[in-house]
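Listing of protein_26.txt; format and content: compact mmCIF, C-alpha atoms and all ligand atoms.
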```
# COMPACT_ATOMS: atom_id res chain seq x y z
CA MET A 1 0.00 0.00 0.00
CA HIS A 2 1.25 3.49 -0.91
CA VAL A 3 0.35 6.14 1.67
CA LEU A 4 0.71 9.91 1.28
CA ILE A 5 0.76 12.00 4.46
CA LEU A 6 0.32 15.71 3.90
CA GLY A 7 1.25 17.52 7.11
CA ALA A 8 3.85 14.82 7.85
CA ALA A 9 6.14 17.17 9.81
CA GLY A 10 3.40 17.98 12.34
CA MET A 11 2.88 16.30 15.68
CA ILE A 12 0.26 13.81 14.48
CA GLY A 13 1.78 13.31 11.02
CA ARG A 14 5.20 12.47 12.43
CA LYS A 15 3.80 10.01 14.95
CA PHE A 16 1.57 8.43 12.32
CA ALA A 17 4.48 7.89 9.92
CA GLU A 18 6.47 6.31 12.77
CA SER A 19 3.55 4.02 13.54
CA LEU A 20 3.27 2.91 9.88
CA ALA A 21 7.00 2.15 9.87
CA ALA A 22 6.79 0.14 13.10
CA GLN A 23 3.66 -1.92 12.48
CA PRO A 24 1.72 -3.04 9.38
CA LEU A 25 -1.88 -1.91 8.96
CA ASP A 26 -4.67 -4.47 9.42
CA GLY A 27 -5.01 -4.74 5.65
CA GLY A 28 -1.26 -5.20 5.03
CA ALA A 29 2.07 -3.42 5.21
CA VAL A 30 2.74 0.07 3.91
CA THR A 31 5.31 -0.50 1.18
CA ARG A 32 5.70 3.12 0.14
CA MET A 33 5.34 6.42 2.00
CA THR A 34 5.25 9.88 0.52
CA LEU A 35 5.73 12.43 3.29
CA ALA A 36 4.92 16.05 2.47
CA ASP A 37 4.68 19.25 4.47
CA VAL A 38 5.57 22.92 4.06
CA VAL A 39 8.48 22.01 6.39
CA LEU A 40 10.55 19.08 4.99
CA PRO A 41 9.47 15.95 6.94
CA GLN A 42 11.78 13.12 8.03
CA VAL A 43 11.53 9.47 7.05
CA PRO A 44 10.82 7.49 10.26
CA ALA A 45 13.67 5.32 11.50
CA GLY A 46 13.38 1.66 10.62
CA PHE A 47 11.06 2.04 7.62
CA ASP A 48 12.14 -0.53 5.07
CA GLY A 49 9.79 0.42 2.22
CA ALA A 50 10.23 3.12 -0.41
CA ALA A 51 10.03 6.65 1.02
CA GLU A 52 10.14 10.16 -0.35
CA THR A 53 9.96 13.47 1.49
CA LEU A 54 8.83 16.70 -0.09
CA ALA A 55 8.53 20.33 0.99
CA VAL A 56 5.14 21.28 -0.48
CA ASP A 57 2.68 24.09 0.14
CA VAL A 58 -0.84 22.65 0.00
CA ALA A 59 -2.05 26.00 -1.31
CA SER A 60 0.23 25.80 -4.37
CA PRO A 61 -1.58 24.20 -7.38
CA ASP A 62 1.55 23.16 -9.30
CA ALA A 63 3.17 21.58 -6.25
CA ILE A 64 0.00 19.64 -5.42
CA THR A 65 -0.42 18.33 -8.98
CA ALA A 66 3.19 17.10 -8.93
CA LEU A 67 2.74 15.58 -5.48
CA LEU A 68 -0.24 13.53 -6.60
CA SER A 69 1.32 12.23 -9.82
CA SER A 70 2.46 9.06 -8.02
CA GLN A 71 -1.22 8.24 -7.28
CA PRO A 72 -1.04 6.89 -3.72
CA ASP A 73 -3.71 4.46 -2.49
CA VAL A 74 -4.48 6.48 0.65
CA ILE A 75 -4.08 10.22 1.20
CA TYR A 76 -4.02 11.65 4.73
CA HIS A 77 -4.75 15.36 4.72
CA LEU A 78 -3.41 16.55 8.06
CA ALA A 79 -1.87 19.84 6.91
CA ALA A 80 -3.47 22.83 8.59
CA ILE A 81 -3.06 26.18 10.20
CA VAL A 82 -4.28 25.34 13.68
CA SER A 83 -6.91 27.14 15.72
CA GLY A 84 -5.06 30.05 17.35
CA GLU A 85 -3.19 31.07 14.22
CA ALA A 86 -6.24 30.68 11.96
CA GLU A 87 -8.14 33.05 14.27
CA ALA A 88 -5.29 35.56 14.37
CA ASN A 89 -4.61 35.44 10.63
CA LEU A 90 -7.84 35.14 8.66
CA GLU A 91 -6.15 35.30 5.25
CA LYS A 92 -3.64 32.53 6.00
CA GLY A 93 -6.20 30.26 7.67
CA TYR A 94 -8.59 30.39 4.70
CA LYS A 95 -5.76 30.01 2.20
CA VAL A 96 -4.33 26.84 3.74
CA ASN A 97 -7.33 25.26 5.43
CA LEU A 98 -10.00 26.01 2.85
CA ASP A 99 -8.27 26.79 -0.48
CA GLY A 100 -5.64 24.08 0.16
CA THR A 101 -8.28 21.42 0.83
CA ARG A 102 -10.29 22.36 -2.26
CA LEU A 103 -7.14 22.44 -4.39
CA LEU A 104 -6.11 19.02 -3.20
CA LEU A 105 -9.51 17.48 -3.90
CA ASP A 106 -9.67 19.18 -7.29
CA ALA A 107 -6.19 17.99 -8.28
CA ILE A 108 -7.41 14.47 -7.49
CA ARG A 109 -10.51 15.13 -9.63
CA HIS A 110 -8.41 15.98 -12.69
CA GLN A 111 -6.52 12.69 -12.44
CA HIS A 112 -9.71 10.80 -11.60
CA ASP A 113 -11.40 12.16 -14.74
CA ARG A 114 -8.37 11.17 -16.80
CA ASP A 115 -7.76 7.62 -15.61
CA GLY A 116 -10.28 6.70 -12.90
CA TRP A 117 -7.90 6.97 -9.92
CA THR A 118 -10.10 7.10 -6.77
CA PRO A 119 -7.90 7.21 -3.67
CA ARG A 120 -9.07 6.85 -0.10
CA PHE A 121 -8.94 10.34 1.43
CA VAL A 122 -8.70 10.73 5.20
CA PHE A 123 -9.37 14.29 6.38
CA ALA A 124 -8.34 15.52 9.84
CA SER A 125 -11.35 17.54 10.93
CA SER A 126 -11.90 18.82 14.44
CA ASN A 127 -14.39 19.16 17.26
CA ALA A 128 -14.10 22.87 16.51
CA VAL A 129 -16.87 22.39 13.90
CA PHE A 130 -19.13 22.62 16.97
CA GLY A 131 -19.42 25.80 18.96
CA GLY A 132 -21.73 28.18 20.70
CA ASP A 133 -24.86 27.13 22.48
CA PHE A 134 -24.57 23.35 22.34
CA PRO A 135 -25.85 20.68 24.76
CA ASP A 136 -23.67 19.21 27.53
CA VAL A 137 -23.25 16.05 25.46
CA ILE A 138 -23.11 16.37 21.65
CA GLY A 139 -24.65 13.44 19.78
CA ASP A 140 -23.82 12.28 16.26
CA ASP A 141 -26.80 14.14 14.82
CA TYR A 142 -26.00 17.52 16.30
CA ILE A 143 -25.81 20.47 13.91
CA VAL A 144 -22.38 21.83 12.92
CA THR A 145 -22.11 25.35 14.34
CA PRO A 146 -18.50 26.58 14.24
CA GLN A 147 -17.70 29.73 16.20
CA THR A 148 -14.11 30.21 14.99
CA SER A 149 -12.55 30.67 11.55
CA TYR A 150 -10.64 27.39 12.05
CA GLY A 151 -13.86 25.52 12.87
CA THR A 152 -15.57 27.10 9.86
CA GLN A 153 -12.71 26.05 7.56
CA LYS A 154 -12.87 22.49 8.90
CA ALA A 155 -16.67 22.42 8.49
CA ILE A 156 -16.37 23.52 4.85
CA GLY A 157 -13.66 20.88 4.36
CA GLU A 158 -16.12 18.27 5.67
CA LEU A 159 -18.75 19.37 3.13
CA LEU A 160 -16.24 19.27 0.27
CA LEU A 161 -15.13 15.81 1.36
CA ALA A 162 -18.74 14.61 1.42
CA ASP A 163 -19.45 16.03 -2.04
CA TYR A 164 -16.30 14.64 -3.70
CA THR A 165 -17.09 11.29 -2.07
CA ARG A 166 -20.71 11.36 -3.27
CA ARG A 167 -19.43 12.02 -6.79
CA GLY A 168 -17.09 9.01 -6.56
CA ILE A 169 -13.91 11.10 -6.96
CA VAL A 170 -12.44 10.01 -3.60
CA GLN A 171 -13.35 7.43 -0.99
CA GLY A 172 -13.60 9.94 1.84
CA ILE A 173 -13.67 9.85 5.60
CA GLY A 174 -13.44 12.87 7.90
CA LEU A 175 -12.35 12.30 11.48
CA ARG A 176 -13.34 14.99 13.98
CA LEU A 177 -10.34 14.76 16.24
CA PRO A 178 -10.70 15.66 19.92
CA THR A 179 -8.05 17.74 21.68
CA ILE A 180 -4.91 15.64 21.81
CA CYS A 181 -3.54 15.29 25.31
CA VAL A 182 -0.77 14.81 26.35
CA ARG A 183 0.70 16.72 23.40
CA PRO A 184 4.44 15.98 23.38
CA GLY A 185 7.19 18.53 22.88
CA LYS A 186 7.48 22.10 24.00
CA PRO A 187 4.43 24.10 25.11
CA ASN A 188 2.73 25.78 22.12
CA ALA A 189 0.59 28.90 21.93
CA ALA A 190 -2.74 27.06 21.60
CA ALA A 191 -5.34 28.16 24.17
CA SER A 192 -5.85 24.45 24.94
CA GLY A 193 -2.12 23.94 25.61
CA PHE A 194 -2.48 23.88 29.39
CA PHE A 195 -4.54 20.64 29.31
CA SER A 196 -1.33 18.94 28.18
CA GLY A 197 1.06 21.26 30.04
CA ILE A 198 -0.32 20.45 33.51
CA ILE A 199 0.57 16.79 32.90
CA ARG A 200 3.62 16.94 30.63
CA GLU A 201 5.67 19.49 32.62
CA PRO A 202 5.22 18.06 36.17
CA LEU A 203 6.12 14.58 34.87
CA VAL A 204 9.60 15.91 34.07
CA GLY A 205 9.89 18.02 37.22
CA LEU A 206 8.87 21.35 35.69
CA GLU A 207 6.29 23.85 36.87
CA ALA A 208 3.07 24.22 34.84
CA ILE A 209 0.54 27.06 34.80
CA LEU A 210 -3.17 26.29 35.14
CA PRO A 211 -5.17 29.28 33.84
CA VAL A 212 -8.74 27.92 34.31
CA PRO A 213 -10.83 26.68 37.26
CA ASP A 214 -10.45 23.03 38.32
CA ASP A 215 -14.03 22.22 37.33
CA THR A 216 -13.35 23.01 33.64
CA ARG A 217 -14.46 20.03 31.58
CA HIS A 218 -13.05 19.04 28.18
CA TRP A 219 -13.03 16.22 25.58
CA MET A 220 -9.59 14.74 24.98
CA THR A 221 -7.67 11.69 23.91
CA SER A 222 -4.04 10.59 23.65
CA PRO A 223 -1.80 10.89 20.58
CA ARG A 224 -1.76 7.08 20.65
CA SER A 225 -5.55 6.94 20.18
CA ALA A 226 -5.41 9.57 17.44
CA ILE A 227 -2.88 7.42 15.57
CA GLY A 228 -5.22 4.45 16.10
CA PHE A 229 -8.06 6.42 14.46
CA LEU A 230 -5.90 7.19 11.42
CA ARG A 231 -4.74 3.58 11.13
CA HIS A 232 -8.32 2.27 11.35
CA ALA A 233 -9.45 4.75 8.67
CA ALA A 234 -6.94 3.28 6.20
CA THR A 235 -8.65 -0.07 5.84
CA MET A 236 -12.13 0.03 7.41
CA ASP A 237 -15.17 -0.61 5.23
CA LEU A 238 -16.21 2.89 4.19
CA THR A 239 -19.58 1.78 2.84
CA ARG A 240 -20.65 1.60 6.49
CA LEU A 241 -20.48 5.40 6.65
CA GLY A 242 -23.47 5.73 4.32
CA ASP A 243 -24.01 9.32 3.15
CA ARG A 244 -22.21 10.83 6.17
CA PRO A 245 -18.45 10.43 5.81
CA ASN A 246 -17.59 12.86 8.67
CA LEU A 247 -17.82 11.68 12.25
CA SER A 248 -16.85 12.58 15.81
CA MET A 249 -14.12 10.41 17.30
CA PRO A 250 -14.34 8.82 20.75
CA ALA A 251 -12.42 10.40 23.62
CA LEU A 252 -12.73 11.07 27.32
CA SER A 253 -14.74 13.83 28.99
CA VAL A 254 -12.71 14.93 32.03
CA THR A 255 -12.41 17.90 34.34
CA VAL A 256 -9.10 19.50 35.19
CA ALA A 257 -9.61 18.23 38.76
CA GLU A 258 -9.89 14.67 37.42
CA GLN A 259 -6.75 15.18 35.33
CA ILE A 260 -4.87 16.33 38.43
CA ALA A 261 -6.21 13.44 40.54
CA ALA A 262 -4.99 10.97 37.89
CA LEU A 263 -1.58 12.68 37.82
CA GLU A 264 -1.34 12.36 41.61
CA LYS A 265 -2.18 8.66 41.37
CA VAL A 266 0.49 8.05 38.73
CA ALA A 267 3.28 10.40 39.87
CA GLY A 268 2.43 11.43 43.44
CA PRO A 269 1.93 14.76 45.22
CA ARG A 270 5.38 16.14 44.28
CA ALA A 271 4.18 16.20 40.68
CA THR A 272 0.83 17.87 41.36
CA ALA A 273 2.56 20.46 43.61
CA LEU A 274 4.24 21.76 40.44
CA ILE A 275 0.90 22.99 39.06
CA ARG A 276 0.54 26.70 39.74
CA ARG A 277 -2.91 28.26 39.47
CA VAL A 278 -2.72 31.57 37.62
CA PRO A 279 -6.26 32.45 36.47
CA ASP A 280 -6.47 33.92 32.97
CA ALA A 281 -9.91 35.29 32.14
CA THR A 282 -9.26 35.30 28.38
CA ILE A 283 -8.29 31.63 28.24
CA ALA A 284 -11.14 30.69 30.60
CA ARG A 285 -13.61 32.46 28.30
CA ILE A 286 -12.26 30.72 25.16
CA VAL A 287 -12.32 27.30 26.84
CA ALA A 288 -15.84 27.84 28.16
CA GLY A 289 -17.01 27.97 24.52
CA TRP A 290 -15.64 24.52 23.70
CA ALA A 291 -17.49 21.21 23.61
CA ARG A 292 -17.27 19.30 26.88
CA ALA A 293 -18.51 15.84 25.92
CA PHE A 294 -19.73 13.78 22.97
CA ASP A 295 -21.74 10.62 22.53
CA PRO A 296 -19.79 9.18 19.57
CA LYS A 297 -21.98 6.10 18.97
CA ARG A 298 -21.27 5.95 15.23
CA ALA A 299 -17.49 5.93 15.62
CA LEU A 300 -17.64 3.32 18.40
CA SER A 301 -19.89 1.08 16.32
CA LEU A 302 -17.45 1.42 13.40
CA GLY A 303 -14.56 0.16 15.52
CA PHE A 304 -12.80 3.40 16.60
CA THR A 305 -11.53 3.17 20.19
CA ALA A 306 -9.97 5.48 22.77
CA GLU A 307 -8.83 5.36 26.40
CA THR A 308 -11.59 5.24 29.01
CA SER A 309 -9.58 6.70 31.93
CA PHE A 310 -7.28 9.70 32.20
CA GLU A 311 -4.80 7.58 34.10
CA ALA A 312 -4.44 5.43 30.95
CA ILE A 313 -3.74 8.59 28.94
CA ILE A 314 -0.95 9.59 31.33
CA ARG A 315 0.53 6.08 31.30
CA ALA A 316 0.48 6.08 27.47
CA HIS A 317 2.45 9.36 27.53
CA ILE A 318 5.01 7.93 29.97
CA GLU A 319 5.48 4.84 27.80
CA ASP A 320 5.59 6.65 24.47
CA GLU A 321 7.51 9.82 25.39
CA LEU A 322 9.45 9.14 28.60
CA GLY A 323 10.76 5.65 27.89
CA GLY A 324 8.29 4.17 30.39
CA GLU A 325 10.02 5.73 33.40
CA LEU A 326 9.50 8.66 35.77
CA ARG A 327 12.96 10.01 36.57
CA HIS A 328 12.22 13.50 37.81
CA VAL A 329 9.38 13.18 40.32
N1 LIG B 1 -3.68 18.16 17.87
C1 LIG B 1 -4.97 18.33 18.10
O1 LIG B 1 -5.37 18.46 19.28
C2 LIG B 1 -5.97 18.35 16.96
C3 LIG B 1 -7.33 18.37 17.27
C4 LIG B 1 -8.26 18.42 16.24
C5 LIG B 1 -7.82 18.41 14.91
N2 LIG B 1 -6.50 18.41 14.63
C6 LIG B 1 -6.08 18.45 13.20
O2 LIG B 1 -5.16 17.38 12.96
C7 LIG B 1 -4.19 17.79 12.00
C8 LIG B 1 -2.79 17.57 12.56
O3 LIG B 1 -2.68 18.30 13.79
P1 LIG B 1 -1.29 18.46 14.57
O4 LIG B 1 -1.61 18.57 16.01
O5 LIG B 1 -0.32 17.45 14.08
O6 LIG B 1 -0.88 19.91 14.06
P2 LIG B 1 0.58 20.48 13.71
O7 LIG B 1 0.46 21.96 13.68
O8 LIG B 1 1.60 19.84 14.58
O9 LIG B 1 0.77 19.93 12.21
C9 LIG B 1 0.19 20.56 11.09
C10 LIG B 1 1.21 20.49 9.96
O10 LIG B 1 0.66 21.15 8.80
C11 LIG B 1 1.73 21.79 8.16
N3 LIG B 1 1.28 22.86 7.28
C12 LIG B 1 0.83 24.10 7.64
N4 LIG B 1 0.59 24.83 6.53
C13 LIG B 1 0.89 24.04 5.46
C14 LIG B 1 0.87 24.26 4.06
N5 LIG B 1 0.49 25.44 3.53
N6 LIG B 1 1.25 23.25 3.26
C15 LIG B 1 1.66 22.07 3.76
N7 LIG B 1 1.72 21.81 5.11
C16 LIG B 1 1.34 22.80 5.93
C17 LIG B 1 2.59 22.35 9.29
O11 LIG B 1 3.93 22.64 8.83
C18 LIG B 1 2.52 21.21 10.31
O12 LIG B 1 3.64 20.35 10.18
C19 LIG B 1 -4.52 19.22 11.64
O13 LIG B 1 -5.29 19.25 10.47
C20 LIG B 1 -5.33 19.72 12.81
O14 LIG B 1 -6.21 20.75 12.43
C21 LIG B 1 -5.56 18.37 15.61
```
How does the structure come out when it is put into structure tokens?
Ligand SMILES: NC(=O)c1ccc[n+]([C@@H]2O[C@H](COP(=O)([O-])OP(=O)(O)OC[C@H]3O[C@@H](n4cnc5c(N)ncnc54)[C@H](O)[C@@H]3O)[C@@H](O)[C@H]2O)c1
Amino acid sequence: MHVLILGAAGMIGRKFAESLAAQPLDGGAVTRMTLADVVLPQVPAGFDGAAETLAVDVASPDAITALLSSQPDVIYHLAAIVSGEAEANLEKGYKVNLDGTRLLLDAIRHQHDRDGWTPRFVFASSNAVFGGDFPDVIGDDYIVTPQTSYGTQKAIGELLLADYTRRGIVQGIGLRLPTICVRPGKPNAAASGFFSGIIREPLVGLEAILPVPDDTRHWMTSPRSAIGFLRHAATMDLTRLGDRPNLSMPALSVTVAEQIAALEKVAGPRATALIRRVPDATIARIVAGWARAFDPKRALSLGFTAETSFEAIIRAHIEDELGGELRHV
């Protein structure tokens, strides 16, 4: 199987490529990987198939046409300007997240019309397609009501995916990813960053800032589960999606207090003592507008799975990012 990952230098793209190198998919091994991103991606260590890496701007028509000429079997579209930046820079967000997605699908259409190529197309959507005055628990039939430019761009991407799938140009599936926690690496500027920071930093003996009240509730899952979603989407029977190729992924609805209690259980009170409460009204207001819980029946019935305790999410982070050991707390 030939897999193209667009956005392969990002957090999820990098981990996904590593996972494909380490373990075959249910339907067979990946024999060829094309890794593309605006930043040149790296080939994962240990991959013994054919690999190519390309620096490509998804918003550049010529580059996208050239990228697709090798006609991969599965295309993962993970490239995006993420929430904070898309809100701060309207022009850039629409150019990459909307124009880039349309361009990509249209470049596939040209080749499809020429020779019938119909790749599987996995789109990384987001819970940000929901916003505003939603219920405590969002079911699979809830209306898409984005309240940010990023969420709007993802919602339009979902509609494009559904239309190009309906027309038989791609075999599409859109995964509404929850917030990924614990996000590895350095803290980033995302307003949601503290959900990861209050776990990631204390586990290595560093202080973390908590800007919201302890009863703040959010929907999150581990990078490991997110990679599992992408792997499952490569080979699952897409006819089971019917006319609705976009769906909310399973995750865990937890409060910050529950996150901290799980951290204490795993790493003890010296770790939780490193969390410093510094209220930030702006962040609290942004977070209050986010979905707190979903009832993702469709995804569960289609075989997508996620952790069912926050302790399991922390343990996955320790195994995957800290070599399975706590050295600093
Ligand atoms: N991490 C999360 O919590 C989360 C939640 C919901 C949805 N998502 C979605 O999942 C996908 C991957 O997220 P991530 O956390 O790995 O984000 P990330 O920011 O780490 O990765 C995104 C990648 O897209 C690349 N990119 C940006 N502009 C590009 C362009 N013009 N052309 C080509 N590549 C470009 C970036 O260089 C980056 O490597 C994104 O589409 C994101 O919107 C992520």
Distance query Ala306 in chain A at most 9 Å, all atoms listed in the file, self and fewer than 2 positions along chain excluded, as a PyMOL selection string: chain A and resi 221-222+224-226+228-229+249-252+304+308
Could those selected residues go to a file with C-alpha atoms, as a CSV table (one decimal), in the coordinates of the input?
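Everything below was put into out27.csv:
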```csv
chain,number,residue,atom,x,y,z
A,221,THR,CA,-7.7,11.7,23.9
A,222,SER,CA,-4.0,10.6,23.6
A,224,ARG,CA,-1.8,7.1,20.6
A,225,SER,CA,-5.6,6.9,20.2
A,226,ALA,CA,-5.4,9.6,17.4
A,228,GLY,CA,-5.2,4.4,16.1
A,229,PHE,CA,-8.1,6.4,14.5
A,249,MET,CA,-14.1,10.4,17.3
A,250,PRO,CA,-14.3,8.8,20.8
A,251,ALA,CA,-12.4,10.4,23.6
A,252,LEU,CA,-12.7,11.1,27.3
A,304,PHE,CA,-12.8,3.4,16.6
A,308,THR,CA,-11.6,5.2,29.0
```
With distances taken over only C-alpha atoms, which residue among A:Pro41, A:Gly28, A:Thr101, A:Ser83 lies nearest Pro61 in chain A?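 Nearest candidate to Pro61 in chain A out of A:Pro41, A:Gly28, A:Thr101, A:Ser83: A:Thr101.
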Enclose all atoms of ligand LIG 1 (chain B) listed in the file in an axis-aligned box, grow every side by 4 Å, and hand back centre and edge lengths in Å to one decimal, as JSON.
```
{"center_x": -2.2, "center_y": 21.4, "center_z": 11.3, "size_x": 20.2, "size_y": 16.1, "size_z": 24.0}
```
List as a ChimeraX atom specification the protein and nucleic acid residues near Arg183 in chain A, meaning an atom at most 8 Å away when all atoms listed in the file are counted, but skip any in the same chain fewer than 3 places from it. /A:180,196,200,222-223
Residues within 7 Å of ligand LIG 1 (chain B) (all atoms listed in the file), as a VMD selection string? chain A and resid 6 to 13 36 to 39 56 to 59 77 to 82 96 124 to 127 176 to 180
Non-local contacts of range 203-211 of chain A (7 Å; only C-alpha atoms; under 3 positions in same chain excluded) as a PDB file with C-alpha atoms, keeping the file's coordinate frame:
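Saved as around-v2.pdb:
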```pdb
ATOM      1  CA  PHE A 194      -2.480  23.880  29.390  1.00  0.00           C
ATOM      2  CA  GLY A 197       1.060  21.260  30.040  1.00  0.00           C
ATOM      3  CA  ILE A 198      -0.320  20.450  33.510  1.00  0.00           C
ATOM      4  CA  ILE A 199       0.570  16.790  32.900  1.00  0.00           C
ATOM      5  CA  ARG A 200       3.620  16.940  30.630  1.00  0.00           C
ATOM      6  CA  ALA A 271       4.180  16.200  40.680  1.00  0.00           C
ATOM      7  CA  LEU A 274       4.240  21.760  40.440  1.00  0.00           C
ATOM      8  CA  ILE A 275       0.900  22.990  39.060  1.00  0.00           C
ATOM      9  CA  ARG A 276       0.540  26.700  39.740  1.00  0.00           C
ATOM     10  CA  ARG A 277      -2.910  28.260  39.470  1.00  0.00           C
ATOM     11  CA  VAL A 278      -2.720  31.570  37.620  1.00  0.00           C
ATOM     12  CA  PRO A 279      -6.260  32.450  36.470  1.00  0.00           C
ATOM     13  CA  ASP A 280      -6.470  33.920  32.970  1.00  0.00           C
ATOM     14  CA  ILE A 283      -8.290  31.630  28.240  1.00  0.00           C
ATOM     15  CA  ALA A 284     -11.140  30.690  30.600  1.00  0.00           C
ATOM     16  CA  LEU A 326       9.500   8.660  35.770  1.00  0.00           C
ATOM     17  CA  HIS A 328      12.220  13.500  37.810  1.00  0.00           C
ATOM     18  CA  VAL A 329       9.380  13.180  40.320  1.00  0.00           C
TER      19      VAL A 329
END
```
Expressed in Å, the length from CA of Asn97 in chain A to CA of Gly151 in chain A is 9.9 Å
Could you state the separation of CA of Leu238 in chain A and CA of Asp73 in chain A in Å, given to one decimal place? 14.3 Å
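Of the residues listed (A:Tyr164, A:Tyr94, A:Tyr76, A:Phe16), A:Tyr76 shows the shortest atom-to-atom separation from Val122 in chain A; distances use all atoms listed in the file.
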